[in-house]
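> Got query_24.pdb for you, PDB, C-alpha atoms and all ligand atoms:
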ATOM      1  CA  MET D   1     -10.804  10.913  18.500  1.00  0.00           C
ATOM      2  CA  THR D   2      -7.119  11.740  18.855  1.00  0.00           C
ATOM      3  CA  ALA D   3      -4.432   9.421  17.598  1.00  0.00           C
ATOM      4  CA  PRO D   4      -2.312   7.761  20.271  1.00  0.00           C
ATOM      5  CA  PRO D   5       1.367   8.814  20.315  1.00  0.00           C
ATOM      6  CA  VAL D   6       3.930   6.294  19.144  1.00  0.00           C
ATOM      7  CA  ASP D   7       7.165   5.496  20.950  1.00  0.00           C
ATOM      8  CA  PRO D   8       9.983   6.109  18.431  1.00  0.00           C
ATOM      9  CA  ASP D   9      12.305   3.651  20.193  1.00  0.00           C
ATOM     10  CA  ALA D  10       9.715   0.898  19.974  1.00  0.00           C
ATOM     11  CA  VAL D  11       9.178   1.685  16.294  1.00  0.00           C
ATOM     12  CA  ALA D  12      12.945   1.475  15.716  1.00  0.00           C
ATOM     13  CA  ARG D  13      13.092  -1.930  17.417  1.00  0.00           C
ATOM     14  CA  ASN D  14      10.136  -3.185  15.408  1.00  0.00           C
ATOM     15  CA  ALA D  15      11.717  -1.861  12.224  1.00  0.00           C
ATOM     16  CA  GLU D  16      14.928  -3.770  12.857  1.00  0.00           C
ATOM     17  CA  GLU D  17      13.039  -6.991  13.526  1.00  0.00           C
ATOM     18  CA  LEU D  18      10.910  -6.470  10.449  1.00  0.00           C
ATOM     19  CA  ARG D  19      13.969  -6.001   8.241  1.00  0.00           C
ATOM     20  CA  GLU D  20      15.471  -9.204   9.635  1.00  0.00           C
ATOM     21  CA  ARG D  21      12.288 -11.172   8.979  1.00  0.00           C
ATOM     22  CA  ILE D  22      12.144  -9.857   5.439  1.00  0.00           C
ATOM     23  CA  ASN D  23      15.802 -10.626   4.739  1.00  0.00           C
ATOM     24  CA  ARG D  24      15.309 -14.193   5.904  1.00  0.00           C
ATOM     25  CA  LEU D  25      12.386 -14.789   3.582  1.00  0.00           C
ATOM     26  CA  SER D  26      12.937 -12.661   0.521  1.00  0.00           C
ATOM     27  CA  GLY D  27      15.623 -14.828  -1.040  1.00  0.00           C
ATOM     28  CA  GLY D  28      17.726 -11.784  -1.862  1.00  0.00           C
ATOM     29  CA  ARG D  29      14.893 -10.012  -3.666  1.00  0.00           C
ATOM     30  CA  GLU D  30      14.614  -6.319  -2.991  1.00  0.00           C
ATOM     31  CA  VAL D  31      11.503  -5.678  -0.903  1.00  0.00           C
ATOM     32  CA  THR D  32      10.087  -2.223  -0.271  1.00  0.00           C
ATOM     33  CA  ILE D  33       8.479  -1.581   3.091  1.00  0.00           C
ATOM     34  CA  VAL D  34       5.484   0.735   3.094  1.00  0.00           C
ATOM     35  CA  ALA D  35       4.910   1.981   6.648  1.00  0.00           C
ATOM     36  CA  VAL D  36       1.134   2.250   7.140  1.00  0.00           C
ATOM     37  CA  THR D  37       0.367   5.124   9.492  1.00  0.00           C
ATOM     38  CA  LYS D  38      -3.450   5.222   9.285  1.00  0.00           C
ATOM     39  CA  GLY D  39      -4.954   5.801  12.712  1.00  0.00           C
ATOM     40  CA  PHE D  40      -1.736   7.360  14.004  1.00  0.00           C
ATOM     41  CA  GLY D  41      -0.501  10.933  13.858  1.00  0.00           C
ATOM     42  CA  ALA D  42       2.325  12.746  12.116  1.00  0.00           C
ATOM     43  CA  ASP D  43       4.684  11.545  14.882  1.00  0.00           C
ATOM     44  CA  ALA D  44       4.325   8.003  13.484  1.00  0.00           C
ATOM     45  CA  VAL D  45       5.317   9.274  10.036  1.00  0.00           C
ATOM     46  CA  ARG D  46       8.381  10.972  11.561  1.00  0.00           C
ATOM     47  CA  ALA D  47       9.322   7.833  13.495  1.00  0.00           C
ATOM     48  CA  ALA D  48       9.065   5.792  10.285  1.00  0.00           C
ATOM     49  CA  MET D  49      11.227   8.231   8.342  1.00  0.00           C
ATOM     50  CA  ASP D  50      13.797   8.146  11.165  1.00  0.00           C
ATOM     51  CA  CYS D  51      14.005   4.400  10.506  1.00  0.00           C
ATOM     52  CA  GLY D  52      14.578   5.026   6.808  1.00  0.00           C
ATOM     53  CA  PHE D  53      11.039   4.289   5.635  1.00  0.00           C
ATOM     54  CA  PHE D  54       9.982   6.963   3.196  1.00  0.00           C
ATOM     55  CA  CYS D  55       7.049   5.136   1.621  1.00  0.00           C
ATOM     56  CA  ILE D  56       4.137   5.939   3.887  1.00  0.00           C
ATOM     57  CA  GLY D  57       0.723   4.310   3.410  1.00  0.00           C
ATOM     58  CA  GLU D  58      -2.641   5.819   4.269  1.00  0.00           C
ATOM     59  CA  ASN D  59      -6.216   4.649   3.735  1.00  0.00           C
ATOM     60  CA  TYR D  60      -8.378   7.724   4.146  1.00  0.00           C
ATOM     61  CA  ALA D  61      -8.199  10.807   1.944  1.00  0.00           C
ATOM     62  CA  GLN D  62      -8.855  13.409   4.614  1.00  0.00           C
ATOM     63  CA  GLU D  63      -6.389  11.861   7.035  1.00  0.00           C
ATOM     64  CA  LEU D  64      -3.690  11.680   4.379  1.00  0.00           C
ATOM     65  CA  VAL D  65      -4.158  15.254   3.209  1.00  0.00           C
ATOM     66  CA  SER D  66      -4.079  16.685   6.730  1.00  0.00           C
ATOM     67  CA  LYS D  67      -0.966  14.671   7.631  1.00  0.00           C
ATOM     68  CA  ALA D  68       0.751  15.698   4.411  1.00  0.00           C
ATOM     69  CA  GLU D  69       0.243  19.361   5.320  1.00  0.00           C
ATOM     70  CA  GLN D  70       2.566  18.781   8.260  1.00  0.00           C
ATOM     71  CA  PHE D  71       5.372  17.748   5.912  1.00  0.00           C
ATOM     72  CA  ALA D  72       5.616  20.823   3.756  1.00  0.00           C
ATOM     73  CA  SER D  73       9.419  20.892   3.809  1.00  0.00           C
ATOM     74  CA  LEU D  74      11.950  18.227   2.902  1.00  0.00           C
ATOM     75  CA  PRO D  75      12.355  15.402   3.468  1.00  0.00           C
ATOM     76  CA  LYS D  76       8.801  14.584   2.486  1.00  0.00           C
ATOM     77  CA  PRO D  77       7.301  11.129   2.607  1.00  0.00           C
ATOM     78  CA  ASN D  78       6.254   9.317  -0.551  1.00  0.00           C
ATOM     79  CA  TRP D  79       2.572   8.936   0.168  1.00  0.00           C
ATOM     80  CA  HIS D  80       0.957   5.692  -0.976  1.00  0.00           C
ATOM     81  CA  PHE D  81      -2.820   5.665  -1.063  1.00  0.00           C
ATOM     82  CA  LEU D  82      -4.079   2.222  -0.018  1.00  0.00           C
ATOM     83  CA  GLY D  83      -7.728   2.669   0.875  1.00  0.00           C
ATOM     84  CA  GLN D  84     -10.937   2.372  -1.048  1.00  0.00           C
ATOM     85  CA  LEU D  85     -10.711   5.212  -3.474  1.00  0.00           C
ATOM     86  CA  GLN D  86     -13.651   7.449  -4.251  1.00  0.00           C
ATOM     87  CA  ARG D  87     -13.563   9.422  -7.449  1.00  0.00           C
ATOM     88  CA  ASN D  88     -14.506  12.684  -5.767  1.00  0.00           C
ATOM     89  CA  LYS D  89     -11.444  12.454  -3.483  1.00  0.00           C
ATOM     90  CA  ILE D  90      -8.933  12.229  -6.304  1.00  0.00           C
ATOM     91  CA  ARG D  91      -8.754  15.977  -6.827  1.00  0.00           C
ATOM     92  CA  SER D  92      -7.672  16.657  -3.227  1.00  0.00           C
ATOM     93  CA  LEU D  93      -5.289  13.703  -3.181  1.00  0.00           C
ATOM     94  CA  ALA D  94      -3.614  14.345  -6.530  1.00  0.00           C
ATOM     95  CA  PRO D  95      -1.169  17.047  -5.337  1.00  0.00           C
ATOM     96  CA  VAL D  96       0.214  14.815  -2.576  1.00  0.00           C
ATOM     97  CA  VAL D  97      -0.128  11.142  -3.521  1.00  0.00           C
ATOM     98  CA  GLU D  98       2.975   9.587  -5.077  1.00  0.00           C
ATOM     99  CA  VAL D  99       1.632   6.064  -5.657  1.00  0.00           C
ATOM    100  CA  TRP D 100      -2.019   5.037  -6.025  1.00  0.00           C
ATOM    101  CA  GLN D 101      -2.166   1.424  -4.907  1.00  0.00           C
ATOM    102  CA  SER D 102      -5.891   0.753  -4.764  1.00  0.00           C
ATOM    103  CA  VAL D 103      -6.989   1.403  -8.338  1.00  0.00           C
ATOM    104  CA  ASP D 104      -9.647  -1.120  -9.266  1.00  0.00           C
ATOM    105  CA  ARG D 105     -11.878   0.351 -11.953  1.00  0.00           C
ATOM    106  CA  ILE D 106     -11.895   2.270 -15.218  1.00  0.00           C
ATOM    107  CA  ALA D 107     -13.501   5.396 -13.760  1.00  0.00           C
ATOM    108  CA  LEU D 108     -10.664   5.762 -11.248  1.00  0.00           C
ATOM    109  CA  ILE D 109      -8.018   5.285 -13.917  1.00  0.00           C
ATOM    110  CA  ASP D 110      -9.612   8.031 -16.010  1.00  0.00           C
ATOM    111  CA  ALA D 111      -9.963  10.394 -13.056  1.00  0.00           C
ATOM    112  CA  ILE D 112      -6.356   9.868 -11.920  1.00  0.00           C
ATOM    113  CA  SER D 113      -5.010  10.391 -15.410  1.00  0.00           C
ATOM    114  CA  GLU D 114      -6.973  13.622 -15.646  1.00  0.00           C
ATOM    115  CA  ARG D 115      -5.827  15.006 -12.265  1.00  0.00           C
ATOM    116  CA  ALA D 116      -2.365  13.427 -12.088  1.00  0.00           C
ATOM    117  CA  PRO D 117      -1.183  12.642 -15.621  1.00  0.00           C
ATOM    118  CA  GLY D 118       1.470   9.926 -15.776  1.00  0.00           C
ATOM    119  CA  ALA D 119       1.019   8.986 -12.115  1.00  0.00           C
ATOM    120  CA  LYS D 120       2.332   5.751 -10.656  1.00  0.00           C
ATOM    121  CA  ILE D 121      -0.392   3.240  -9.894  1.00  0.00           C
ATOM    122  CA  PHE D 122      -1.003  -0.329  -8.865  1.00  0.00           C
ATOM    123  CA  ILE D 123      -4.079  -2.215  -9.934  1.00  0.00           C
ATOM    124  CA  GLN D 124      -5.712  -3.798  -6.888  1.00  0.00           C
ATOM    125  CA  ALA D 125      -6.957  -7.334  -7.321  1.00  0.00           C
ATOM    126  CA  ASN D 126      -9.563  -8.809  -4.998  1.00  0.00           C
ATOM    127  CA  LEU D 127      -8.089 -11.911  -3.370  1.00  0.00           C
ATOM    128  CA  SER D 128     -10.687 -12.652  -0.788  1.00  0.00           C
ATOM    129  CA  ASP D 129     -14.263 -12.461  -2.108  1.00  0.00           C
ATOM    130  CA  GLU D 130     -14.769  -9.819   0.580  1.00  0.00           C
ATOM    131  CA  SER D 131     -15.930  -7.077  -1.717  1.00  0.00           C
ATOM    132  CA  HIS D 132     -15.748  -4.369   0.950  1.00  0.00           C
ATOM    133  CA  LYS D 133     -11.977  -4.621   0.698  1.00  0.00           C
ATOM    134  CA  GLY D 134     -12.063  -3.452  -2.884  1.00  0.00           C
ATOM    135  CA  GLY D 135     -10.116  -4.788  -5.790  1.00  0.00           C
ATOM    136  CA  ALA D 136     -11.052  -6.002  -9.244  1.00  0.00           C
ATOM    137  CA  VAL D 137     -11.686  -9.670  -9.902  1.00  0.00           C
ATOM    138  CA  LEU D 138      -8.495 -11.206 -11.304  1.00  0.00           C
ATOM    139  CA  SER D 139      -9.993 -11.802 -14.738  1.00  0.00           C
ATOM    140  CA  ASP D 140     -10.713  -8.064 -15.109  1.00  0.00           C
ATOM    141  CA  VAL D 141      -7.193  -7.005 -14.141  1.00  0.00           C
ATOM    142  CA  PRO D 142      -5.500  -7.341 -17.570  1.00  0.00           C
ATOM    143  CA  ALA D 143      -8.008  -4.993 -19.225  1.00  0.00           C
ATOM    144  CA  LEU D 144      -7.536  -2.451 -16.437  1.00  0.00           C
ATOM    145  CA  VAL D 145      -3.757  -2.616 -16.821  1.00  0.00           C
ATOM    146  CA  ASP D 146      -4.125  -2.101 -20.584  1.00  0.00           C
ATOM    147  CA  HIS D 147      -6.435   0.835 -20.139  1.00  0.00           C
ATOM    148  CA  ALA D 148      -4.159   2.490 -17.592  1.00  0.00           C
ATOM    149  CA  ARG D 149      -1.160   2.078 -19.872  1.00  0.00           C
ATOM    150  CA  ASN D 150      -3.125   3.482 -22.798  1.00  0.00           C
ATOM    151  CA  VAL D 151      -3.961   6.658 -20.917  1.00  0.00           C
ATOM    152  CA  GLY D 152      -0.320   7.095 -19.931  1.00  0.00           C
ATOM    153  CA  LEU D 153      -0.287   6.015 -16.308  1.00  0.00           C
ATOM    154  CA  GLN D 154       2.758   4.107 -15.029  1.00  0.00           C
ATOM    155  CA  VAL D 155       1.437   0.758 -13.897  1.00  0.00           C
ATOM    156  CA  GLN D 156       4.060  -0.437 -11.447  1.00  0.00           C
ATOM    157  CA  GLY D 157       2.415  -3.624 -10.276  1.00  0.00           C
ATOM    158  CA  LEU D 158      -0.512  -5.349  -8.664  1.00  0.00           C
ATOM    159  CA  MET D 159      -1.737  -4.965  -5.097  1.00  0.00           C
ATOM    160  CA  GLY D 160      -3.801  -7.382  -3.054  1.00  0.00           C
ATOM    161  CA  VAL D 161      -5.138  -7.793   0.466  1.00  0.00           C
ATOM    162  CA  GLY D 162      -5.303 -11.329   1.851  1.00  0.00           C
ATOM    163  CA  PRO D 163      -8.457 -12.700   3.454  1.00  0.00           C
ATOM    164  CA  GLU D 164      -9.125 -12.527   7.191  1.00  0.00           C
ATOM    165  CA  GLY D 165      -8.133 -15.629   9.110  1.00  0.00           C
ATOM    166  CA  PRO D 166      -5.027 -17.780   9.186  1.00  0.00           C
ATOM    167  CA  PRO D 167      -2.175 -16.388   7.047  1.00  0.00           C
ATOM    168  CA  GLU D 168      -1.990 -19.660   5.143  1.00  0.00           C
ATOM    169  CA  ASP D 169      -5.423 -18.848   3.667  1.00  0.00           C
ATOM    170  CA  ALA D 170      -3.793 -16.000   1.762  1.00  0.00           C
ATOM    171  CA  ARG D 171      -1.308 -18.179  -0.108  1.00  0.00           C
ATOM    172  CA  GLY D 172      -3.439 -19.174  -3.094  1.00  0.00           C
ATOM    173  CA  GLY D 173      -4.536 -15.617  -3.830  1.00  0.00           C
ATOM    174  CA  PHE D 174      -1.008 -14.275  -3.464  1.00  0.00           C
ATOM    175  CA  ARG D 175       0.258 -16.928  -5.852  1.00  0.00           C
ATOM    176  CA  SER D 176      -2.372 -16.054  -8.466  1.00  0.00           C
ATOM    177  CA  LEU D 177      -1.534 -12.359  -8.166  1.00  0.00           C
ATOM    178  CA  VAL D 178       2.192 -12.979  -8.634  1.00  0.00           C
ATOM    179  CA  GLU D 179       1.573 -15.178 -11.688  1.00  0.00           C
ATOM    180  CA  LEU D 180      -0.663 -12.560 -13.226  1.00  0.00           C
ATOM    181  CA  ALA D 181       1.867  -9.791 -12.548  1.00  0.00           C
ATOM    182  CA  GLU D 182       4.510 -11.864 -14.325  1.00  0.00           C
ATOM    183  CA  ASP D 183       2.201 -12.484 -17.300  1.00  0.00           C
ATOM    184  CA  LEU D 184       1.533  -8.772 -17.575  1.00  0.00           C
ATOM    185  CA  GLY D 185       5.206  -7.794 -17.273  1.00  0.00           C
ATOM    186  CA  LEU D 186       4.687  -5.948 -13.994  1.00  0.00           C
ATOM    187  CA  GLU D 187       7.642  -5.743 -11.622  1.00  0.00           C
ATOM    188  CA  GLN D 188       5.912  -4.970  -8.368  1.00  0.00           C
ATOM    189  CA  ARG D 189       3.629  -7.141  -6.266  1.00  0.00           C
ATOM    190  CA  SER D 190       2.341  -5.310  -3.221  1.00  0.00           C
ATOM    191  CA  ILE D 191       1.225  -8.186  -1.017  1.00  0.00           C
ATOM    192  CA  GLY D 192       1.725  -8.900   2.658  1.00  0.00           C
ATOM    193  CA  MET D 193       0.674  -7.011   5.793  1.00  0.00           C
ATOM    194  CA  SER D 194       1.743  -7.496   9.411  1.00  0.00           C
ATOM    195  CA  ALA D 195      -0.104 -10.788   9.809  1.00  0.00           C
ATOM    196  CA  ASP D 196       0.645 -12.479   6.493  1.00  0.00           C
ATOM    197  CA  LEU D 197       3.926 -11.062   5.265  1.00  0.00           C
ATOM    198  CA  GLU D 198       5.813 -14.356   5.650  1.00  0.00           C
ATOM    199  CA  VAL D 199       3.437 -16.099   3.254  1.00  0.00           C
ATOM    200  CA  ALA D 200       3.513 -13.116   0.890  1.00  0.00           C
ATOM    201  CA  LEU D 201       7.330 -13.082   0.801  1.00  0.00           C
ATOM    202  CA  GLN D 202       7.444 -16.814   0.147  1.00  0.00           C
ATOM    203  CA  GLU D 203       5.097 -16.260  -2.794  1.00  0.00           C
ATOM    204  CA  GLY D 204       7.103 -13.433  -4.337  1.00  0.00           C
ATOM    205  CA  SER D 205       6.102 -10.153  -2.725  1.00  0.00           C
ATOM    206  CA  THR D 206       8.248  -7.152  -3.671  1.00  0.00           C
ATOM    207  CA  MET D 207       6.421  -4.712  -1.404  1.00  0.00           C
ATOM    208  CA  VAL D 208       4.916  -5.239   2.036  1.00  0.00           C
ATOM    209  CA  ARG D 209       2.564  -2.800   3.763  1.00  0.00           C
ATOM    210  CA  VAL D 210       3.069  -2.852   7.514  1.00  0.00           C
ATOM    211  CA  GLY D 211       1.102  -0.883  10.101  1.00  0.00           C
ATOM    212  CA  SER D 212       0.515  -2.595  13.442  1.00  0.00           C
ATOM    213  CA  GLY D 213       3.779  -4.528  13.131  1.00  0.00           C
ATOM    214  CA  LEU D 214       5.642  -1.220  13.333  1.00  0.00           C
ATOM    215  CA  PHE D 215       3.420   1.065  15.382  1.00  0.00           C
ATOM    216  CA  GLY D 216       1.377  -1.284  17.546  1.00  0.00           C
ATOM    217  CA  ALA D 217      -2.375  -1.804  17.635  1.00  0.00           C
ATOM    218  CA  ARG D 218      -4.461   0.877  15.924  1.00  0.00           C
ATOM    219  CA  PRO D 219      -7.242   2.603  17.793  1.00  0.00           C
ATOM    220  CA  PRO D 220     -10.693   1.652  16.477  1.00  0.00           C
ATOM    221  CA  ARG D 221     -11.883   4.063  13.832  1.00  0.00           C
TER     222      ARG D 221
HETATM  223  C1  LIG T 301      -4.302  -1.189   7.185  1.00  0.00           C
HETATM  224  C2  LIG T 301      -3.699  -1.726   5.939  1.00  0.00           C
HETATM  225  C3  LIG T 301      -2.408  -2.265   5.943  1.00  0.00           C
HETATM  226  C4  LIG T 301      -1.579  -2.453   7.207  1.00  0.00           C
HETATM  227  O1  LIG T 301      -2.185  -3.411   8.030  1.00  0.00           O
HETATM  228  P1  LIG T 301      -1.439  -4.025   9.320  1.00  0.00           P
HETATM  229  O2  LIG T 301      -2.179  -5.275   9.562  1.00  0.00           O
HETATM  230  O3  LIG T 301      -1.593  -3.038  10.398  1.00  0.00           O
HETATM  231  O4  LIG T 301      -0.017  -4.261   8.955  1.00  0.00           O
HETATM  232  C5  LIG T 301      -1.884  -2.678   4.726  1.00  0.00           C
HETATM  233  N1  LIG T 301      -2.581  -2.589   3.580  1.00  0.00           N
HETATM  234  C6  LIG T 301      -3.824  -2.082   3.532  1.00  0.00           C
HETATM  235  C7  LIG T 301      -4.542  -2.017   2.234  1.00  0.00           C
HETATM  236  C8  LIG T 301      -4.425  -1.655   4.718  1.00  0.00           C
HETATM  237  O5  LIG T 301      -5.679  -1.190   4.664  1.00  0.00           O
END
Produce structure tokens that represent the structure in this file.


Amino acid sequence: MTAPPVDPDAVARNAEELRERINRLSGGREVTIVAVTKGFGADAVRAAMDCGFFCIGENYAQELVSKAEQFASLPKPNWHFLGQLQRNKIRSLAPVVEVWQSVDRIALIDAISERAPGAKIFIQANLSDESHKGGAVLSDVPALVDHARNVGLQVQGLMGVGPEGPPEDARGGFRSLVELAEDLGLEQRSIGMSADLEVALQEGSTMVRVGSGLFGARPPR
């Protein structure tokens, strides 16, 4: 399956609208936009960088590594890994990934610290009871943060994916994640995707991860 091309002008229009929506709702807080290019090609990454988005999110190891090969010279994207992480993929990802957002268990923390000492990570919390989305249960998150700090990783914040369904259904989970991040002294809360970023921003998101809202509908995988 080949990725559909993106229209850079459409991406630029979407980017402007997205920035306006975020400014309206962020209450002056600085919010990082991670442009999620999974399902699209390197042209989507270029279009995002042309709009000033250098944090680029991907979900699948192979897809990320092969896209990264097309950005061997500067400026390079800051690749954020967002997908369910398998331990045996960490070795191939380590040379390219800048931020590991989907860390949800001890074995991953240990493997990342071995392959990418001092790396930047987020601990992913499960906010939906849909276990296929990954994430540690909230009550396990503090111990994971402690462990990651002890092995020298830079824990930047917590990440969460809201449940399917109406955006309002995500509010309670987002609120719990933000409270926990504050308790743990973590600056970053990576919550909010195309469909639920308003709710996430109202609840204190500092980082939104936007795919379809920038690039259009993804082809089925
Ligand atoms: C796909 C994905 C996104 C982007 O989703 P959109 O609905 O296209 O904005 C964000 N975060 C994660 C973890 C994802 O898997």

> Enclose the full set of atoms of ligand LIG 301 (chain T) listed in the file within a box whose edges lie along x, y and z, apply 5 Å of padding to each of the six sides, and report centre and edge lengths in Å to one decimal as lines of an AutoDock Vina configuration file.


center_x = -2.8
center_y = -3.2
center_z = 6.3
size_x = 15.7
size_y = 14.1
size_z = 18.2

> Grab me every residue within 7 Å of ligand LIG 301 (chain T), counting only C-alpha atoms and all ligand atoms, and send it over as a VMD selection string.

chain D and resid 36 38 59 82 to 83 161 193 to 195 209 to 213

> Could you write out as a count of residues only the residues that the PyMOL selection byres (((chain D and resi 80) around 7) and not hetatm) matches in the shown file?

13

> Which residues fall under the PyMOL selection byres (((chain D and resi 208) around 8) and not hetatm) in this file, as a list in words?

Val31, Thr32, Ile33, Val34, Ser190, Ile191, Gly192, Met193, Leu197, Ser205, Thr206, Met207, Arg209 and Val210 of chain D

> What are the closest atom pairs, with distances in Å to one decimal, for all residues of segment 102-216 of chain D lying within 9 Å of segment 4-24 of chain D? Consider only C-alpha atoms, order rows by chain and residue number, and present the result as a Markdown table.


| residue | atom | partner | partner_atom | distance |
| --- | --- | --- | --- | --- |
| D:Leu197 | CA | D:Ile22 | CA | 8.3 |
| D:Glu198 | CA | D:Ile22 | CA | 7.8 |
| D:Leu201 | CA | D:Ile22 | CA | 7.4 |
| D:Gly213 | CA | D:Asn14 | CA | 6.9 |
| D:Leu214 | CA | D:Asn14 | CA | 5.3 |
| D:Phe215 | CA | D:Val11 | CA | 5.9 |
| D:Gly216 | CA | D:Val6 | CA | 8.2 |

> Given the file shown, enumerate the residues that the PyMOL selection byres (((chain D and resi 151) around 9) and not hetatm) captures and present them as a list in words.

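Those residues are Ile109, Asp110, Ser113, Pro117, Gly118, Asp146, His147, Ala148, Arg149, Asn150, Gly152 and Leu153 of chain D.
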
> So how far away is atom CA of Phe122 of chain D from atom CA of Glu203 of chain D, in Å?

18.1 Å

> What is the atom CA of Ser139 of chain D to atom CA of Gln188 of chain D distance in Å?

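Computing it gives 18.4 Å between the two atoms.
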
> Find the distance between atom CA of Val65 of chain D and atom CA of Gly41 of chain D and write it in Å to one decimal.

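Atom-to-atom, atom CA of Val65 of chain D and atom CA of Gly41 of chain D are spaced 12.1 Å apart.
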
> Identify, on the basis of only C-alpha atoms, every residue whose closest approach to Met49 of chain D does not exceed 10 Å; exclude the query and any residue fewer than 6 positions from it along the same chain; express the result as a list in words.

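So the residues in contact are Ala35, Asp43, Cys55, Ile56, Pro75, Lys76 and Pro77 of chain D.
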
> Write the residues of the preceding selection, restricted to C-alpha atoms, as a tab-separated table (two decimals), keeping the file's coordinate frame.


chain	number	residue	atom	x	y	z
D	35	ALA	CA	4.91	1.98	6.65
D	43	ASP	CA	4.68	11.54	14.88
D	55	CYS	CA	7.05	5.14	1.62
D	56	ILE	CA	4.14	5.94	3.89
D	75	PRO	CA	12.36	15.40	3.47
D	76	LYS	CA	8.80	14.58	2.49
D	77	PRO	CA	7.30	11.13	2.61

> Nearest to Ala181 of chain D: which of D:Ser102, D:Gln84, D:Gln156, D:Gln70 is it, counting all atoms listed in the file?

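The closest residue to Ala181 of chain D is D:Gln156.
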
> Given the choices D:Arg105, D:Arg29, D:Lys89, D:Arg175, which gets closest to Leu127 of chain D if the distance is worked out from only C-alpha atoms?

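Nearest to Leu127 of chain D: D:Arg175.
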
> Give me, as a PDB file with C-alpha atoms, keeping the file's coordinate frame, all polymer residues having an atom no more than 7 Å from Ala42 of chain D, counting all atoms listed in the file and skipping those fewer than 3 positions away in the same chain.


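What landed in selection.pdb:
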ATOM      1  CA  VAL D  45       5.317   9.274  10.036  1.00  0.00           C
ATOM      2  CA  ARG D  46       8.381  10.972  11.561  1.00  0.00           C
ATOM      3  CA  LYS D  67      -0.966  14.671   7.631  1.00  0.00           C
TER       4      LYS D  67
END
